[in-house]
Every structure is written in structure tokens, then in C-alpha cells.
Amino acid sequence: MADLTYENKVILEMREHFRDKIIETRVQRERRVVMRTSKDNIESVLLFLKEKMGFLHLSHIGCVDWMEENRFEIVYILWHPQEKINVLVKVDIDRLNPVAPNIDYIWPQANTYEREMREMFGIEFEGLVGPRELILEDWDDLPPMRRDFDTLHYVMENYSFRSGREDAQNVREVIANRTGEEIPEFAKKYSR
Amino acid sequence: MNYVLNDRESAKIVEFIKNFARKNSLWVLAYGTGCGAIEIPPTMTSRYDAERFSVRGAATPRQADVLLITGYLSVKTLKRVIRSYEQMQDPKYVIGFGSCTINGGMYWDSYNTIKQLDLYIPVDVYINGCMPRPEAVLAGFAKLQELIGRGQANGWRHYKENLEWYRQNQRKLIKNWKMPDYNW
């Protein structure tokens, strides 16, 4: 049984300090704590984690597009260098008006992640400084990582394929048909 | 040359010698896109030693004869590739690596990679595989040398003659066209 004392201590301390501003906390597994907060409190939560709890390092900021629930979920992943613990802080923002607070004064490297999210998801960060283009060039369509951006449709419109290309085939079956081989019953569940 | 050797047979001999020289000194531009570039170091260094087959690296486009497109090519990189290709001196050759350059490969439904390389720059030899092993790369170079020796690797001439068609395809993808015009 893993020792989860520090993980629980983090949760307790956060609960104590922020009370109902932390919406959801759980220990996902050993050395991983997940918590959810609201958009208004994210800066204070991150600052508290950094200055008081010792989560000095921002590993990553990710974004999840929950299109059906009409929200983006921004996930801040922090790392505690001494205790070797990750904290995932999640924030929901409205999908129709995606504005999130800018945190690059807490960790300068957040600037790159935020620029990437601005480009790939169309999320605006308040007061974010930096060129609008990070990876893409001259992009004038929907931000491509959004789930309502139809990649296949875009590909079919802009590119063309040489004839003879057939995708999504059952490779095992094609090879078996070529040689007249019969696939045994137990092997069928492994072929797509 | 023409004013000295104006009869046909001599021109043929000169062409033969030219092709012999070209095929035996292929300078490859040190440039790689996508994952195939990782196959170039073993091809060039001691294990497979492509210099045995008179293939070696060149630092800049103006010194190079061969441009390798080693794998998937994003639209952003296509711009750089076109510029590099147009700066190269004639005669110049292009080798397309892997299934990505042939027909999209595993990136077939990606919004940002091209699917057929020969719509944008002329390709002399395709090497299939994902990725081609160094043996296949060497076989591709051997094929290119064979074509040069026969005088059939004329992609660069084709590019000049059909520049309009290539430009049209290129402009379709590169929306903000700010490219210099080279006249060869």
C-alpha cells in the first residue's frame, strides 16, 4: 500500500486555506493530486501552491475540449521537486467566450503554452504578450485543435490523393485473402 | 561547347561524359524534414558509408545537387523547401522518402502536411517505406545515378517548363505568398 500522507496533506491544506473555492479534490494515484477550481481563483491557487506549498515547477499547461458540455478545461501540472509530487489544477472556461487569466508572471514559461493554446484552441489570455503565430503560418480557419474543426473535410478540400490509396483496411484479412489463408476463430478478435 | 562540337555524335559523347561526372558526384543538401532525416546519419557515416557510392553532404543549397525530402512535409516547411530548391544550381535532383511524400502516409488526414510531393516540386526518385532503411536509401541513390547516367532525371527541366502549373499548386497552400522570384 502506497503511502499517501503527503498527498492527503496537500489536499487538507488546500481545503483549509481555500475552503469552497476548491471545487473538487482527489488523490488520483500515488504522487498525483487532482483539484479543480474556478477561473477567478486560479491565480491565487497557483500562487499559493508555488509560494507556500513548494510546487516550484510548472511542468505543462494542457487544454481539453469538452465540446458537448460547452467548456474548455485548462489543466496546470505542477511539480514539487522535494516531495516528488504532481498537482493537477483544472479550470473550466466557457467555450463560446474563451478567456482565461494570464499566469506568465508566476512562471515565465507559461507564456509559450498560452500562446500555443491561443493558436490551437483560440483561447484568449488576458494581457498575454507575444506574436500571435507560434507554430502555424497564415492560418485563417478555425483553430485546428478544436473538436469542431473538421480535419478530414479540410484535408479533402485542400489536398488531393493519388489513386490507389485505401485506408482503414483490416490488414490481417487483406493478407489472408491474398494467400487464401483462413483466419482461425481465436485470432479473429485480434484483427480489426 | 557548342561552337566547337557542332555535330551530333560529338555532342552525344560530351553529354555522356557530363552525365558520368554528374552521377558520380552527388552532393546532398544537409536538410531533413520529418522522421526520415534520422536515416541519413547512418547512411552517410561509417556503417553504410554512402560516400563509397559518391554521395556526400553539402552545406548550402547553392552547392548541392540533390534535395532529400525525408518524410512528411508540413505546409510551413514546404515554403522553405521551395526556396531551397529554387536556389539550387542546375542540374538538381529531388528524392522523396517514405510513404508520406508519396501519398500522405500515416499523416493522410492531417490538416498541415502535404500529401503528394510531386505537385509542388518535381521528384526524380521515390523511395517507399515508412521509414526506408539505409539500404533502401542507397538503392534509391543508385536508381537516381542510373537515371542520370541515361539522361532521364530531368525534373529540374520539367520544373522550369511547367513553372506556372507548379506555382498554381504551391500558391493554393501557401496563402500569404511572399517569395522571391529567381530567374535561372
# chains A, B, ... in the order shown; residues from 1 in each chain; ligands from 1
>>> interface_residues(of="chain A", to="chain B", cutoff="6 Å", atoms="only C-alpha atoms", output="PyMOL selection string")
chain A and resi 151-152+155
>>> select_by_dssp(residues="segment 5-183 of chain B", states="alpha helix (DSSP H)", output="PyMOL selection string")
chain B and resi 8-23+40-44+75-87+98-103+134-149+155-161+163-173
>>> write_last_selection(atoms="C-alpha atoms", output="short mmCIF file (atom, residue, chain, number, x, y, z; two decimals), in the first residue's frame")
data_model
loop_
_atom_site.label_atom_id
_atom_site.label_comp_id
_atom_site.auth_asym_id
_atom_site.auth_seq_id
_atom_site.Cartn_x
_atom_site.Cartn_y
_atom_site.Cartn_z
CA ARG B 8 25.58 15.40 -83.28
CA GLU B 9 27.80 12.49 -82.39
CA SER B 10 30.31 14.64 -80.55
CA ALA B 11 27.52 16.34 -78.59
CA LYS B 12 26.33 12.90 -77.55
CA ILE B 13 29.75 11.98 -76.28
CA VAL B 14 30.02 15.23 -74.37
CA GLU B 15 26.60 14.62 -72.85
CA PHE B 16 27.69 11.14 -71.83
CA ILE B 17 30.79 12.49 -70.11
CA LYS B 18 28.76 15.20 -68.41
CA ASN B 19 26.25 12.68 -67.09
CA PHE B 20 29.03 10.40 -65.94
CA ALA B 21 30.51 13.25 -63.94
CA ARG B 22 27.18 14.30 -62.52
CA LYS B 23 26.14 10.88 -61.38
CA ILE B 40 20.57 9.91 -43.10
CA PRO B 41 23.31 9.85 -40.41
CA PRO B 42 23.77 6.05 -40.60
CA THR B 43 23.61 6.24 -44.39
CA MET B 44 26.33 8.83 -44.51
CA VAL B 75 2.94 23.48 -45.34
CA LYS B 76 5.22 25.74 -43.36
CA THR B 77 8.24 23.66 -44.34
CA LEU B 78 7.09 23.44 -47.93
CA LYS B 79 7.76 27.15 -48.20
CA ARG B 80 11.37 26.66 -47.09
CA VAL B 81 11.76 23.66 -49.35
CA ILE B 82 10.62 25.61 -52.39
CA ARG B 83 13.06 28.38 -51.60
CA SER B 84 15.91 25.93 -51.09
CA TYR B 85 15.05 24.07 -54.26
CA GLU B 86 14.90 27.19 -56.37
CA GLN B 87 18.28 28.36 -55.11
CA GLY B 98 8.74 7.30 -47.48
CA SER B 99 5.04 6.95 -47.91
CA CYS B 100 4.35 10.46 -46.60
CA THR B 101 5.74 12.09 -49.71
CA ILE B 102 4.11 9.55 -52.00
CA ASN B 103 0.57 9.63 -50.72
CA PRO B 134 19.60 2.96 -45.20
CA GLU B 135 19.82 0.06 -47.66
CA ALA B 136 16.71 1.36 -49.38
CA VAL B 137 18.15 4.88 -49.35
CA LEU B 138 21.29 3.61 -51.04
CA ALA B 139 19.17 1.73 -53.57
CA GLY B 140 17.34 5.00 -54.23
CA PHE B 141 20.60 6.80 -54.83
CA ALA B 142 21.70 4.00 -57.16
CA LYS B 143 18.46 4.38 -59.09
CA LEU B 144 18.99 8.12 -59.31
CA GLN B 145 22.51 7.59 -60.63
CA GLU B 146 21.19 5.18 -63.21
CA LEU B 147 18.61 7.75 -64.34
CA ILE B 148 21.22 10.50 -64.51
CA GLY B 149 23.51 8.26 -66.50
CA GLY B 155 12.86 17.00 -63.06
CA TRP B 156 14.60 20.39 -62.92
CA ARG B 157 13.95 20.98 -66.60
CA HIS B 158 10.36 19.90 -66.13
CA TYR B 159 10.02 22.39 -63.29
CA LYS B 160 11.20 25.28 -65.42
CA GLU B 161 8.95 24.34 -68.31
CA LEU B 163 6.55 26.59 -63.62
CA GLU B 164 3.04 28.00 -63.93
CA TRP B 165 1.46 24.72 -63.01
CA TYR B 166 3.74 24.20 -60.01
CA ARG B 167 3.24 27.78 -58.86
CA GLN B 168 -0.52 27.35 -59.02
CA ASN B 169 -0.34 24.28 -56.76
CA GLN B 170 2.07 25.98 -54.39
CA ARG B 171 0.02 29.13 -54.09
CA LYS B 172 -3.05 27.09 -53.25
CA LEU B 173 -1.41 26.03 -50.00
#
>>> closest_residue(among="B:Asp7, B:Ile127, B:Ala50, B:Val94", to="Gly36 of chain B", atoms="only C-alpha atoms")
B:Ile127
>>> closest_residue(among="A:Ala176, A:Pro144, A:Glu69, A:Ile106", to="Ser44 of chain A", atoms="only C-alpha atoms")
A:Ile106
>>> atom_distance(atom1="atom CA of Lys52 of chain A", atom2="atom CA of Met14 of chain A")
10.4 Å
>>> residues_around(residues="Tyr113 of chain A", least_positions_apart="6", cutoff="9 Å", atoms="only C-alpha atoms", output="JSON, numbers by chain")
{"A": [60, 61, 62]}
>>> write_last_selection(atoms="C-alpha atoms", output="mmCIF file, in the first residue's frame")
data_model
loop_
_atom_site.group_PDB
_atom_site.id
_atom_site.type_symbol
_atom_site.label_atom_id
_atom_site.label_comp_id
_atom_site.auth_asym_id
_atom_site.auth_seq_id
_atom_site.Cartn_x
_atom_site.Cartn_y
_atom_site.Cartn_z
ATOM 1 C CA HIS A 60 2.838 21.757 -18.506
ATOM 2 C CA ILE A 61 -0.403 23.509 -19.290
ATOM 3 C CA GLY A 62 -2.827 21.484 -21.292
#
>>> decode(residues="segment 95-115 of chain B", atoms="N, CA and C atoms", output="mmCIF file, in the first residue's frame")
data_model
loop_
_atom_site.group_PDB
_atom_site.id
_atom_site.type_symbol
_atom_site.label_atom_id
_atom_site.label_comp_id
_atom_site.auth_asym_id
_atom_site.auth_seq_id
_atom_site.Cartn_x
_atom_site.Cartn_y
_atom_site.Cartn_z
ATOM 1 N N ILE B 95 14.796 13.619 -54.236
ATOM 2 C CA ILE B 95 14.402 12.263 -53.846
ATOM 3 C C ILE B 95 13.351 12.377 -52.751
ATOM 4 N N GLY B 96 12.224 11.719 -52.950
ATOM 5 C CA GLY B 96 11.162 11.720 -51.939
ATOM 6 C C GLY B 96 11.239 10.443 -51.124
ATOM 7 N N PHE B 97 11.244 10.629 -49.814
ATOM 8 C CA PHE B 97 11.405 9.490 -48.904
ATOM 9 C C PHE B 97 10.066 9.077 -48.339
ATOM 10 N N GLY B 98 9.804 7.806 -48.331
ATOM 11 C CA GLY B 98 8.738 7.297 -47.481
ATOM 12 C C GLY B 98 7.345 7.525 -48.022
ATOM 13 N N SER B 99 6.400 6.884 -47.391
ATOM 14 C CA SER B 99 5.036 6.945 -47.905
ATOM 15 C C SER B 99 4.410 8.328 -47.726
ATOM 16 N N CYS B 100 4.933 9.130 -46.802
ATOM 17 C CA CYS B 100 4.349 10.462 -46.600
ATOM 18 C C CYS B 100 4.463 11.320 -47.850
ATOM 19 N N THR B 101 5.592 11.259 -48.522
ATOM 20 C CA THR B 101 5.745 12.088 -49.714
ATOM 21 C C THR B 101 4.994 11.489 -50.898
ATOM 22 N N ILE B 102 4.779 10.183 -50.862
ATOM 23 C CA ILE B 102 4.108 9.545 -51.997
ATOM 24 C C ILE B 102 2.608 9.793 -51.944
ATOM 25 N N ASN B 103 2.023 9.471 -50.777
ATOM 26 C CA ASN B 103 0.565 9.634 -50.723
ATOM 27 C C ASN B 103 0.051 9.977 -49.323
ATOM 28 N N GLY B 104 0.798 10.766 -48.600
ATOM 29 C CA GLY B 104 0.307 11.193 -47.300
ATOM 30 C C GLY B 104 0.723 10.316 -46.146
ATOM 31 N N GLY B 105 0.892 9.022 -46.407
ATOM 32 C CA GLY B 105 1.336 8.118 -45.357
ATOM 33 C C GLY B 105 0.407 8.117 -44.169
ATOM 34 N N MET B 106 0.982 7.993 -42.996
ATOM 35 C CA MET B 106 0.149 7.948 -41.791
ATOM 36 C C MET B 106 -0.403 9.323 -41.445
ATOM 37 N N TYR B 107 0.098 10.358 -42.089
ATOM 38 C CA TYR B 107 -0.443 11.700 -41.845
ATOM 39 C C TYR B 107 -1.478 12.072 -42.901
ATOM 40 N N TRP B 108 -2.156 11.095 -43.439
ATOM 41 C CA TRP B 108 -3.046 11.376 -44.571
ATOM 42 C C TRP B 108 -4.185 12.313 -44.195
ATOM 43 N N ASP B 109 -4.642 12.281 -42.918
ATOM 44 C CA ASP B 109 -5.738 13.187 -42.561
ATOM 45 C C ASP B 109 -5.249 14.337 -41.689
ATOM 46 N N SER B 110 -4.002 14.697 -41.825
ATOM 47 C CA SER B 110 -3.500 15.848 -41.072
ATOM 48 C C SER B 110 -3.769 17.122 -41.859
ATOM 49 N N TYR B 111 -4.174 18.153 -41.145
ATOM 50 C CA TYR B 111 -4.519 19.396 -41.829
ATOM 51 C C TYR B 111 -3.299 20.146 -42.332
ATOM 52 N N ASN B 112 -2.115 19.752 -41.877
ATOM 53 C CA ASN B 112 -0.971 20.618 -42.101
ATOM 54 C C ASN B 112 0.174 19.956 -42.844
ATOM 55 N N THR B 113 -0.017 18.760 -43.386
ATOM 56 C CA THR B 113 1.056 18.168 -44.179
ATOM 57 C C THR B 113 0.547 17.904 -45.589
ATOM 58 N N ILE B 114 1.478 18.034 -46.554
ATOM 59 C CA ILE B 114 1.085 17.800 -47.933
ATOM 60 C C ILE B 114 0.999 16.300 -48.194
ATOM 61 N N LYS B 115 0.227 15.932 -49.210
ATOM 62 C CA LYS B 115 0.007 14.513 -49.457
ATOM 63 C C LYS B 115 0.782 13.995 -50.659
#
